[in-house]
Every structure is written in structure tokens, then in C-alpha cells.
file final-v2.csv (CSV, C-alpha atoms)
chain,number,residue,atom,x,y,z
Y,1,MET,CA,79.8,-102.2,118.1
Y,2,THR,CA,83.1,-101.5,119.9
Y,3,THR,CA,84.3,-104.2,122.3
Y,4,PRO,CA,84.8,-102.7,125.8
Y,5,GLY,CA,88.2,-102.9,127.4
Y,6,LEU,CA,91.6,-103.8,126.2
Y,7,ARG,CA,91.3,-106.5,123.5
Y,8,VAL,CA,93.9,-109.2,124.1
Y,9,GLY,CA,95.2,-111.9,121.9
Y,10,VAL,CA,96.8,-114.9,123.7
Y,11,VAL,CA,99.8,-116.8,122.3
Y,12,GLY,CA,99.9,-120.3,123.8
Y,13,THR,CA,97.3,-122.7,125.1
Y,14,GLY,CA,98.9,-124.3,128.2
Y,15,LEU,CA,97.8,-124.4,131.8
Y,16,ILE,CA,99.0,-121.0,132.8
Y,17,ALA,CA,97.6,-119.4,129.6
Y,18,GLY,CA,94.2,-120.7,130.5
Y,19,PHE,CA,94.4,-119.4,134.1
Y,20,THR,CA,95.5,-116.0,132.9
Y,21,THR,CA,92.9,-115.8,130.2
Y,22,THR,CA,90.3,-116.4,132.8
Y,23,ALA,CA,91.8,-113.6,134.9
Y,24,LEU,CA,91.8,-111.2,131.9
Y,25,ALA,CA,88.2,-111.9,131.3
Y,26,ALA,CA,87.3,-111.4,135.0
Y,27,SER,CA,89.2,-108.1,135.3
Y,28,GLY,CA,86.6,-105.9,133.7
Y,29,ALA,CA,89.4,-104.0,132.0
Y,30,CYS,CA,90.7,-106.6,129.5
Y,31,VAL,CA,88.8,-108.7,127.0
Y,32,PRO,CA,90.5,-111.8,125.6
Y,33,VAL,CA,89.3,-112.1,122.0
Y,34,ALA,CA,91.7,-114.4,120.2
Y,35,VAL,CA,94.3,-117.2,120.6
Y,36,SER,CA,97.1,-118.7,118.6
Y,37,SER,CA,98.8,-122.1,118.8
Y,38,ARG,CA,101.0,-124.1,116.5
Y,39,ARG,CA,98.2,-126.6,116.3
Y,40,GLN,CA,94.9,-125.2,115.0
Y,41,ALA,CA,93.0,-127.9,117.0
Y,42,SER,CA,94.5,-126.6,120.2
Y,43,ALA,CA,93.7,-123.0,119.3
Y,44,LEU,CA,90.1,-124.0,118.5
Y,45,ALA,CA,89.6,-125.9,121.7
Y,46,PHE,CA,91.1,-123.1,123.8
Y,47,ALA,CA,88.9,-120.5,122.1
Y,48,SER,CA,85.8,-122.7,122.7
Y,49,ARG,CA,86.7,-123.1,126.4
Y,50,HIS,CA,87.2,-119.3,127.0
Y,51,GLY,CA,84.6,-117.9,124.6
Y,52,LEU,CA,87.1,-116.3,122.2
Y,53,ALA,CA,86.1,-115.0,118.9
Y,54,ALA,CA,89.1,-116.1,116.8
Y,55,ALA,CA,91.6,-119.0,116.8
Y,56,TYR,CA,94.8,-118.9,114.8
Y,57,ASP,CA,97.6,-121.4,114.0
Y,58,ASP,CA,100.0,-118.5,113.3
Y,59,TRP,CA,100.8,-115.9,115.9
Y,60,GLN,CA,102.0,-113.5,113.3
Y,61,ALA,CA,98.6,-113.5,111.6
Y,62,MET,CA,97.0,-112.9,115.0
Y,63,LEU,CA,99.3,-110.0,115.8
Y,64,ALA,CA,98.4,-108.4,112.4
Y,65,SER,CA,94.7,-108.4,113.2
Y,66,PRO,CA,93.3,-104.9,113.9
Y,67,GLU,CA,90.9,-106.6,116.3
Y,68,ILE,CA,93.4,-106.9,119.1
Y,69,ASP,CA,95.1,-104.1,121.1
Y,70,ALA,CA,97.4,-106.2,123.2
Y,71,VAL,CA,99.1,-109.6,123.4
Y,72,TYR,CA,99.6,-112.0,126.3
Y,73,VAL,CA,102.7,-114.2,125.5
Y,74,ALA,CA,102.3,-117.5,127.3
Y,75,THR,CA,104.9,-119.5,125.4
Y,76,PRO,CA,108.0,-121.3,126.6
Y,77,THR,CA,110.9,-119.0,127.5
Y,78,ALA,CA,112.8,-119.7,124.3
Y,79,ALA,CA,110.0,-118.4,122.1
Y,80,ARG,CA,109.1,-115.2,123.9
Y,81,GLU,CA,111.4,-112.6,122.4
Y,82,PRO,CA,110.4,-112.7,118.8
Y,83,ILE,CA,106.7,-112.7,119.6
Y,84,ALA,CA,106.9,-109.8,122.1
Y,85,LEU,CA,109.2,-107.8,119.8
Y,86,GLN,CA,106.8,-108.1,116.8
Y,87,ALA,CA,103.8,-107.3,119.0
Y,88,ALA,CA,105.5,-104.1,120.2
Y,89,ARG,CA,106.5,-103.2,116.6
Y,90,GLN,CA,102.9,-103.6,115.5
Y,91,GLY,CA,101.7,-101.3,118.3
Y,92,LYS,CA,100.3,-104.0,120.6
Y,93,HIS,CA,100.8,-103.8,124.4
Y,94,VAL,CA,102.7,-106.7,125.8
Y,95,LEU,CA,102.0,-108.9,128.8
Y,96,ALA,CA,104.6,-111.7,128.9
Y,97,GLU,CA,105.3,-114.7,131.0
Y,98,LYS,CA,108.7,-114.9,132.6
Y,99,PRO,CA,111.6,-115.4,132.8
Y,100,PHE,CA,113.2,-114.2,129.6
Y,101,ALA,CA,116.0,-115.7,127.6
Y,102,SER,CA,118.5,-113.2,129.1
Y,103,MET,CA,118.9,-109.7,130.3
Y,104,ALA,CA,119.9,-108.7,126.8
Y,105,SER,CA,116.7,-110.2,125.4
Y,106,LEU,CA,114.5,-108.4,127.9
Y,107,ARG,CA,116.3,-105.1,127.2
Y,108,VAL,CA,115.5,-105.5,123.5
Y,109,ILE,CA,111.8,-106.2,124.3
Y,110,THR,CA,111.3,-103.4,126.8
Y,111,LEU,CA,113.1,-100.9,124.6
Y,112,ALA,CA,110.9,-101.8,121.7
Y,113,CYS,CA,107.8,-101.3,123.8
Y,114,GLN,CA,109.1,-98.0,125.0
Y,115,GLN,CA,110.0,-96.8,121.5
Y,116,ARG,CA,106.6,-97.8,120.1
Y,117,GLY,CA,104.7,-96.3,122.9
Y,118,VAL,CA,103.1,-99.5,124.2
Y,119,ALA,CA,102.9,-100.9,127.7
Y,120,PHE,CA,105.0,-103.8,129.0
Y,121,LEU,CA,104.2,-106.0,132.0
Y,122,ASP,CA,105.7,-109.3,133.1
Y,123,GLY,CA,103.3,-112.0,134.5
Y,124,THR,CA,104.4,-111.9,138.2
Y,125,HIS,CA,101.2,-112.1,140.3
Y,126,PHE,CA,102.2,-111.6,143.9
Y,127,VAL,CA,103.3,-107.9,143.4
Y,128,HIS,CA,99.7,-107.0,142.6
Y,129,HIS,CA,98.2,-108.3,145.9
Y,130,PRO,CA,97.4,-105.7,148.5
Y,131,ARG,CA,99.7,-107.5,150.9
Y,132,HIS,CA,102.7,-106.6,148.7
Y,133,ARG,CA,101.7,-102.9,148.6
Y,134,LEU,CA,101.3,-102.8,152.4
Y,135,LEU,CA,104.7,-104.4,153.0
Y,136,LYS,CA,106.4,-102.1,150.6
Y,137,ALA,CA,104.9,-99.0,152.2
Y,138,SER,CA,105.5,-100.1,155.8
Y,139,LEU,CA,108.6,-102.2,156.0
Y,140,ALA,CA,110.8,-99.5,157.4
Y,141,ASP,CA,108.3,-98.6,160.1
Y,142,ARG,CA,107.6,-102.3,161.0
Y,143,ILE,CA,111.2,-103.8,161.1
Y,144,GLY,CA,113.6,-101.0,160.1
Y,145,ARG,CA,116.1,-101.5,157.3
Y,146,VAL,CA,115.9,-105.0,155.8
Y,147,GLN,CA,119.3,-106.6,156.3
Y,148,ALA,CA,118.6,-110.1,154.9
Y,149,LEU,CA,116.1,-112.0,152.9
Y,150,ARG,CA,115.6,-115.8,153.0
Y,151,CYS,CA,113.4,-117.4,150.3
Y,152,SER,CA,112.4,-120.9,149.4
Y,153,PHE,CA,110.1,-121.9,146.6
Y,154,PHE,CA,109.5,-125.6,145.7
Y,155,PHE,CA,106.7,-127.5,144.1
Y,156,PRO,CA,106.7,-131.2,143.1
Y,157,THR,CA,107.2,-131.6,139.4
Y,158,GLY,CA,108.8,-135.0,138.8
Y,159,ASP,CA,107.2,-135.7,135.4
Y,160,ARG,CA,110.0,-135.7,132.9
Y,161,SER,CA,107.4,-135.3,130.0
Y,162,ASN,CA,106.6,-131.9,131.5
Y,163,MET,CA,107.8,-129.0,129.3
Y,164,ARG,CA,109.9,-127.8,132.3
Y,165,TYR,CA,112.3,-130.7,131.6
Y,166,ASP,CA,112.8,-129.7,128.0
Y,167,THR,CA,116.0,-127.7,128.0
Y,168,ALA,CA,115.5,-126.5,124.4
Y,169,GLN,CA,112.2,-124.8,125.5
Y,170,GLU,CA,113.0,-124.0,129.1
Y,171,PRO,CA,116.8,-123.6,129.3
Y,172,TRP,CA,116.6,-122.1,132.9
Y,173,GLY,CA,114.6,-125.0,134.3
Y,174,ALA,CA,113.6,-124.5,137.9
Y,175,ILE,CA,116.0,-121.5,138.2
Y,176,GLY,CA,113.9,-119.5,135.8
Y,177,ASP,CA,110.6,-121.0,136.7
Y,178,MET,CA,110.8,-120.5,140.4
Y,179,GLY,CA,114.1,-118.6,140.9
Y,180,TRP,CA,112.4,-115.6,139.1
Y,181,TYR,CA,110.1,-115.2,142.2
Y,182,ALA,CA,113.0,-115.3,144.6
Y,183,MET,CA,114.8,-112.6,142.5
Y,184,ARG,CA,111.7,-110.5,142.3
Y,185,ALA,CA,111.3,-110.7,146.1
Y,186,ILE,CA,114.9,-109.5,146.4
Y,187,ALA,CA,114.3,-106.7,143.9
Y,188,GLU,CA,111.2,-105.6,145.7
Y,189,TYR,CA,112.0,-105.9,149.4
Y,190,LEU,CA,115.7,-106.0,149.8
Y,191,ALA,CA,117.8,-104.3,147.2
Y,192,PRO,CA,115.8,-102.4,144.5
Y,193,GLU,CA,118.8,-100.3,143.6
Y,194,ALA,CA,121.8,-101.6,145.6
Y,195,ALA,CA,124.6,-103.0,143.5
Y,196,LEU,CA,125.1,-106.8,143.6
Y,197,LEU,CA,128.7,-107.4,144.9
Y,198,HIS,CA,128.8,-111.2,144.9
Y,199,SER,CA,126.7,-114.2,144.0
Y,200,SER,CA,127.4,-117.9,144.4
Y,201,GLY,CA,125.4,-121.0,144.4
Y,202,VAL,CA,124.9,-124.7,143.5
Y,203,LEU,CA,122.9,-126.2,140.6
Y,204,HIS,CA,121.3,-129.6,140.5
Y,205,ARG,CA,120.4,-131.1,137.1
Y,206,ASP,CA,118.2,-134.0,136.3
Y,207,PRO,CA,120.5,-136.9,135.3
Y,208,ALA,CA,118.1,-138.1,132.5
Y,209,THR,CA,117.2,-134.8,130.8
Y,210,GLY,CA,119.9,-132.4,132.0
Y,211,ALA,CA,117.2,-130.0,133.1
Y,212,ALA,CA,117.9,-127.7,136.1
Y,213,VAL,CA,115.7,-129.1,138.9
Y,214,ARG,CA,117.1,-127.3,141.9
Y,215,GLY,CA,119.3,-124.3,142.8
Y,216,ALA,CA,120.5,-122.6,145.9
Y,217,GLY,CA,122.5,-119.5,146.4
Y,218,LEU,CA,123.8,-116.5,148.3
Y,219,MET,CA,123.9,-112.9,147.2
Y,220,HIS,CA,125.7,-110.0,148.9
Y,221,PHE,CA,124.7,-106.4,148.1
Y,222,GLU,CA,126.3,-103.0,148.5
Y,223,GLY,CA,125.5,-101.8,152.0
Y,224,GLY,CA,125.8,-105.2,153.6
Y,225,ALA,CA,122.4,-106.8,152.8
Y,226,THR,CA,122.3,-110.5,152.0
Y,227,ALA,CA,119.9,-112.8,150.3
Y,228,THR,CA,119.7,-116.6,150.4
Y,229,TRP,CA,117.5,-118.5,148.1
Y,230,ASP,CA,116.6,-122.2,147.4
Y,231,VAL,CA,114.2,-123.3,144.7
Y,232,GLY,CA,113.3,-126.4,142.8
Y,233,TYR,CA,111.1,-129.3,141.8
Y,234,ASP,CA,112.6,-132.1,143.9
Y,235,ALA,CA,111.3,-131.6,147.5
Y,236,ASP,CA,108.0,-133.5,146.7
Y,237,ALA,CA,106.2,-130.7,148.5
Y,238,CYS,CA,104.9,-127.2,147.9
Y,239,LEU,CA,107.0,-124.6,149.8
Y,240,GLN,CA,106.9,-120.8,149.3
Y,241,ASP,CA,108.5,-119.2,152.3
Y,242,LEU,CA,109.8,-115.7,152.5
Y,243,GLN,CA,111.5,-114.1,155.5
Y,244,LEU,CA,112.6,-110.5,155.8
Y,245,LEU,CA,115.1,-109.8,158.6
Y,246,GLY,CA,115.2,-106.1,159.6
Y,247,GLU,CA,117.1,-104.2,162.2
Y,248,ARG,CA,114.1,-104.2,164.6
Y,249,GLY,CA,112.2,-107.4,163.8
Y,250,VAL,CA,111.3,-110.1,161.3
Y,251,ILE,CA,108.4,-110.5,158.8
Y,252,THR,CA,107.5,-114.0,157.6
Y,253,LEU,CA,105.3,-115.2,154.8
Y,254,ASP,CA,104.7,-118.9,154.1
Y,255,ASP,CA,102.7,-118.3,150.9
Y,256,PHE,CA,104.4,-115.4,149.2
Y,257,VAL,CA,103.8,-116.6,145.6
Y,258,LEU,CA,100.3,-118.1,145.4
Y,259,ASP,CA,97.1,-116.3,146.2
Y,260,TRP,CA,95.5,-119.1,148.2
Y,261,ALA,CA,92.1,-117.6,148.8
Y,262,GLN,CA,91.0,-117.0,145.2
Y,263,GLY,CA,94.1,-118.2,143.3
Y,264,TYR,CA,94.3,-120.6,140.4
Y,265,MET,CA,96.4,-123.2,142.3
Y,266,LEU,CA,94.8,-125.1,145.2
Y,267,PRO,CA,92.4,-122.3,146.1
Y,268,ARG,CA,91.2,-122.1,149.7
Y,269,PRO,CA,87.9,-120.0,149.7
Y,270,GLY,CA,87.6,-117.7,152.6
Y,271,PHE,CA,91.3,-117.8,153.5
Y,272,VAL,CA,92.8,-114.3,154.1
Y,273,ALA,CA,96.4,-113.7,153.1
Y,274,GLY,CA,98.7,-111.9,155.5
Y,275,PHE,CA,102.1,-112.1,157.3
Y,276,HIS,CA,103.6,-112.7,160.7
Y,277,GLN,CA,105.7,-110.0,162.4
Y,278,HIS,CA,107.7,-110.4,165.5
Y,279,SER,CA,110.7,-109.0,167.5
Y,280,GLY,CA,112.5,-109.7,170.7
Y,281,MET,CA,112.2,-113.2,172.2
Y,282,ALA,CA,108.7,-113.9,170.9
Y,283,HIS,CA,108.2,-117.5,170.0
Y,284,ALA,CA,106.0,-118.8,167.2
Y,285,GLY,CA,102.8,-118.6,169.2
Y,286,ASP,CA,103.4,-115.0,170.0
Y,287,ARG,CA,104.0,-113.7,166.5
Y,288,ALA,CA,101.6,-111.0,165.5
Y,289,TRP,CA,99.4,-111.9,162.5
Y,290,VAL,CA,98.6,-109.1,160.1
Y,291,PRO,CA,95.8,-110.1,157.7
Y,292,VAL,CA,95.5,-108.4,154.3
Y,293,PRO,CA,92.2,-109.3,152.6
Y,294,SER,CA,91.7,-108.8,148.9
Y,295,GLU,CA,88.5,-108.8,147.1
Y,296,LEU,CA,90.1,-110.0,143.8
Y,297,PRO,CA,92.7,-112.6,143.0
Y,298,ALA,CA,96.2,-111.3,142.4
Y,299,ASN,CA,96.2,-112.3,138.7
Y,300,VAL,CA,93.0,-110.4,138.1
Y,301,ARG,CA,94.6,-107.4,139.7
Y,302,MET,CA,97.5,-108.0,137.4
Y,303,ALA,CA,95.2,-107.8,134.4
Y,304,GLN,CA,93.7,-104.6,135.7
Y,305,GLN,CA,97.2,-103.1,136.1
Y,306,PHE,CA,98.1,-104.2,132.5
Y,307,ALA,CA,95.0,-102.2,131.2
Y,308,ALA,CA,96.0,-99.2,133.3
Y,309,LEU,CA,99.5,-99.2,131.9
Y,310,ALA,CA,98.1,-99.5,128.4
Y,311,ARG,CA,96.2,-96.3,129.0
Y,312,ASP,CA,99.4,-94.4,129.9
Y,313,PRO,CA,102.3,-96.3,128.4
Y,314,ALA,CA,104.6,-93.3,128.7
Y,315,GLY,CA,103.8,-92.7,132.3
Y,316,ALA,CA,105.8,-93.3,135.5
Y,317,ALA,CA,104.0,-96.6,136.3
Y,318,ALA,CA,104.9,-98.0,132.9
Y,319,ALA,CA,108.6,-97.0,133.4
Y,320,ALA,CA,108.5,-98.6,136.9
Y,321,SER,CA,107.0,-101.8,135.5
Y,322,ARG,CA,109.8,-102.1,132.9
Y,323,GLN,CA,112.5,-101.4,135.6
Y,324,ALA,CA,111.1,-104.0,138.0
Y,325,SER,CA,111.3,-106.6,135.2
Y,326,LEU,CA,114.8,-105.6,134.2
Y,327,ARG,CA,116.1,-105.7,137.8
Y,328,THR,CA,114.6,-109.1,138.4
Y,329,GLN,CA,116.1,-110.5,135.2
Y,330,ALA,CA,119.5,-109.0,136.0
Y,331,LEU,CA,119.5,-110.7,139.3
Y,332,LEU,CA,118.4,-114.0,137.7
Y,333,ASP,CA,121.2,-113.7,135.1
Y,334,ALA,CA,123.8,-113.1,137.8
Y,335,ALA,CA,122.5,-116.0,140.0
Y,336,TRP,CA,122.6,-118.3,137.0
Y,337,ALA,CA,126.1,-117.4,136.0
Y,338,SER,CA,127.4,-118.0,139.5
Y,339,LEU,CA,125.9,-121.5,139.9
Y,340,ARG,CA,128.3,-124.4,140.1
Y,341,PRO,CA,127.4,-128.0,139.5
Y,342,ALA,CA,126.5,-130.0,142.6
Y,343,SER,CA,129.0,-132.7,143.4

call {"tool": "encode", "arguments": {"input": "final-v2.csv", "output": "C-alpha cells"}}
result
Amino acid sequence: MTTPGLRVGVVGTGLIAGFTTTALAASGACVPVAVSSRRQASALAFASRHGLAAAYDDWQAMLASPEIDAVYVATPTAAREPIALQAARQGKHVLAEKPFASMASLRVITLACQQRGVAFLDGTHFVHHPRHRLLKASLADRIGRVQALRCSFFFPTGDRSNMRYDTAQEPWGAIGDMGWYAMRAIAEYLAPEAALLHSSGVLHRDPATGAAVRGAGLMHFEGGATATWDVGYDADACLQDLQLLGERGVITLDDFVLDWAQGYMLPRPGFVAGFHQHSGMAHAGDRAWVPVPSELPANVRMAQQFAALARDPAGAAAAASRQASLRTQALLDAAWASLRPAS
């Protein structure tokens, strides 16, 4: 009997791996069937929780299995490239967490996927929510040309035993973990093609571990658009603000990363995502609220998109997916290179 849907093997058993495996199973288009971990006990426990048929202590053995069509790479940043590369070379479609080790590393991965005729998608959720599609399609009509973007993304992560503080596994720290979302917002809403003219910023490191725990910066693009971003672990609060300043108004989101209504982090059942829009001298109480309901969580929609790309890996959507990832990583590389230590 053939298993319906795209059969996915999962590499990694962490928190995000679990959330995304649940989303894959809920998508109706993907079927998680196997997991691998360095520790067999972890793989077995994960497989039991998610109803997976196979558990491996060797990701290479899992990738060699004819029982999987695709792989979800949920490892730390430092380990992603070899797994994604081998998956592509063995004809498996690749869904990979982000960021990547470098632009050069991501180029190698996406090129391998393209050459082997398999799909590639990074694990960014917010771009799959209907709100994102509505904004992309209507920004010019709503506020004119976007002149500036302001973005802040913080959540409290002060536990130094957390993998995010391990510079060998996560060399980017908060800049990769949260800065990726800021760079993706820039790539999507502000400057999808405009050349980056200048980037500068400040980096804060944890004195005990050396991990990057906060960064802030300014980017200037060809045509005059600017972006300011501020991300980190050290505000002791969750903050995910995005503001788009156009020529004829402003759009504001205070939850641009997480899907509160049905999402995996602090869900608020019944909440409808949306955005505020205003122009002129309107104060906070007069800003128009534009609700954008979604029947499915953004990560489930992401899983559905992954399956759609796998059905047409040589199509325009697959090419656009690769390009969006490359643009985001290029901006992240540039931001990282421009950061200077905080005094």
C-alpha cells in the first residue's frame, strides 16, 4: 500500500522539530515517516510521540531509505549543509531550518537541489500566512512605495545551557536566529531586488559564553530605502514589531513572526491576525485595523507549500523559493559582517 503524500524524514528531535513534524502531519500533503538523531533513545522517543514508522541514529542511513521522498533538516546551523547536500544528491526534497552557515553554503545547497531536480524551502513561517500575501499584493495601493522598514524581534532566552548560547553549533546566535526574520521582512517588503549600498550595526555578546545575544543595525538601499532592525534575547519580553513606512501611509504589525491564533508558541485560539494602517494625523485609536483570518496555521501552510514545490521542482515557484532564501541570507551575511562590538 502506498503512503499518501510526500513522505518526510526528520533530522533532529528538538522543540522546533517537534512543532514542524506536527505541522507536516496536519498538512494533508506531507507524511512524516522517520526521524534520525545522534542518540537512538531520542529518535525512538520522538518517533513514538509523533507516530513515525522508523527511528535512526544515523541520518545518512535514513537518507538512503527508499521509504522517504524528502527531508526536514532541523539541526543546529553548523550541521545543516552536509545533510541538505546529501539529501539533494540522493534525490530527496529539502525543507531546512534557517539560517545557514553562510551565503556560500546556501548557494551550494540550492544549486545541488536545482541540479538534482528536487525542491528546496527554508523554514520561514510568516511568509505562508494569508496576511503576507495580502500585504505583498496591496502595499503599493495602500501606502505607495515603501521608503523605510523598522523591525524588532526579541524573546527572553537567558538560559546559557540553551543551544543558542553554544557558538560551535549556533555561530550567529541571536543574529541568525531572529535577525533572519528581520532580513526576510526586508527582502519581502522593502528591497527584493535593490542593491544594498551600506550596512552598519552593533553586536552585543554574552560575557560568559561569547554568544551573540543582541544586534541592531541600519541598512541603506539603492533608490533611497532604509531599514533599521533590532533583535535579541535580552529584553526579557517577547517583541515582534514590523513597521512599513510608505509615501502615503504606514502599516504596522506587532506580531509579524508568530501565528498567534493557531501557532505553536503561546497560541490564542480565536485571535485573528491582521495589521494596522494609517495616514495623515491619525492617532493610535484611529488607525484602521485590517483583519486577515486563516483557517490553517502558517507552519501547516508552509508544509503544504513544500509539497507543492516537490510536485514541480523545476517550476517558477521553486525558483522563487530559492531566490527568497538566497536574498535573505545575503542580507544576513552583510549585516553580520558590518556589526561592531558594543562598547

call {"tool": "closest_residue", "arguments": {"input": "final-v2.csv", "among": "Y:Arg131, Y:His198, Y:Arg248, Y:Arg39", "to": "Arg145 in chain Y", "atoms": "all atoms listed in the file"}}
result
Y:Arg248

call {"tool": "atom_distance", "arguments": {"input": "final-v2.csv", "atom1": "CA of Pro192 in chain Y", "atom2": "CA of Arg327 in chain Y"}}
result
7.5 Å

call {"tool": "residues_around", "arguments": {"input": "final-v2.csv", "residues": "Ala308 in chain Y", "least_positions_apart": "6", "cutoff": "10 Å", "atoms": "all atoms listed in the file", "output": "number ranges by chain"}}
result
Y: 6, 29-30, 119, 302, 317-318

call {"tool": "residues_around", "arguments": {"input": "final-v2.csv", "residues": "Val71 in chain Y", "least_positions_apart": "3", "cutoff": "7 Å", "atoms": "all atoms listed in the file", "output": "PyMOL selection string"}}
result
chain Y and resi 8-10+87+92-95

call {"tool": "residues_around", "arguments": {"input": "final-v2.csv", "residues": "Pro313 in chain Y", "least_positions_apart": "2", "cutoff": "7 Å", "atoms": "all atoms listed in the file", "output": "PyMOL selection string"}}
result
chain Y and resi 117-119+309-311+315+318

call {"tool": "write_last_selection", "arguments": {"input": "final-v2.csv", "atoms": "C-alpha atoms", "output": "compact mmCIF listing (two decimals), in the coordinates of the input"}}
result
# COMPACT_ATOMS: atom_id res chain seq x y z
CA GLY Y 117 104.70 -96.30 122.90
CA VAL Y 118 103.10 -99.50 124.20
CA ALA Y 119 102.90 -100.90 127.70
CA LEU Y 309 99.50 -99.20 131.90
CA ALA Y 310 98.10 -99.50 128.40
CA ARG Y 311 96.20 -96.30 129.00
CA GLY Y 315 103.80 -92.70 132.30
CA ALA Y 318 104.90 -98.00 132.90

call {"tool": "closest_residue", "arguments": {"input": "final-v2.csv", "among": "Y:Ala168, Y:Val292, Y:Ala298, Y:Leu332", "to": "Leu258 in chain Y", "atoms": "all atoms listed in the file"}}
result
Y:Ala298

call {"tool": "atom_distance", "arguments": {"input": "final-v2.csv", "atom1": "CA of Ala211 in chain Y", "atom2": "CA of Ala101 in chain Y"}}
result
15.4 Å

call {"tool": "atom_distance", "arguments": {"input": "final-v2.csv", "atom1": "CA of Asp241 in chain Y", "atom2": "CA of Arg205 in chain Y"}}
result
22.7 Å

call {"tool": "residues_around", "arguments": {"input": "final-v2.csv", "residues": "Met103 in chain Y", "least_positions_apart": "4", "cutoff": "10 Å", "atoms": "all atoms listed in the file", "output": "VMD selection string"}}
result
chain Y and resid 99 107 to 109 325 to 334

call {"tool": "closest_residue", "arguments": {"input": "final-v2.csv", "among": "Y:Arg150, Y:His125, Y:Arg287, Y:His220", "to": "Gly246 in chain Y", "atoms": "only C-alpha atoms"}}
result
Y:Arg150

call {"tool": "residues_around", "arguments": {"input": "final-v2.csv", "residues": "Gly176 in chain Y", "least_positions_apart": "4", "cutoff": "10 Å", "atoms": "only C-alpha atoms", "output": "MDAnalysis selection string"}}
result
chainID Y and resid 77 98:101 164 170:172 180:183 212 231:232 329 332:333 336

call {"tool": "closest_residue", "arguments": {"input": "final-v2.csv", "among": "Y:Gly123, Y:Gly201, Y:Gly91, Y:Gly14", "to": "Tyr72 in chain Y", "atoms": "all atoms listed in the file"}}
result
Y:Gly123

call {"tool": "closest_residue", "arguments": {"input": "final-v2.csv", "among": "Y:Ala47, Y:Ile16, Y:Ala337, Y:Leu253", "to": "Val202 in chain Y", "atoms": "all atoms listed in the file"}}
result
Y:Ala337

call {"tool": "closest_residue", "arguments": {"input": "final-v2.csv", "among": "Y:Arg301, Y:His283, Y:Arg184, Y:His129", "to": "Trp260 in chain Y", "atoms": "all atoms listed in the file"}}
result
Y:His129

call {"tool": "residues_near_point", "arguments": {"input": "final-v2.csv", "point": "(98.3, -116.3, 116.4)", "cutoff": "9 Å", "atoms": "only C-alpha atoms", "output": "list in words"}}
result
Gly9, Val10, Val11, Gly12, Ala34, Val35, Ser36, Ser37, Arg38, Ala43, Ala55, Tyr56, Asp57, Asp58, Trp59, Gln60, Ala61, Met62, Leu63 and Ala64 of chain Y
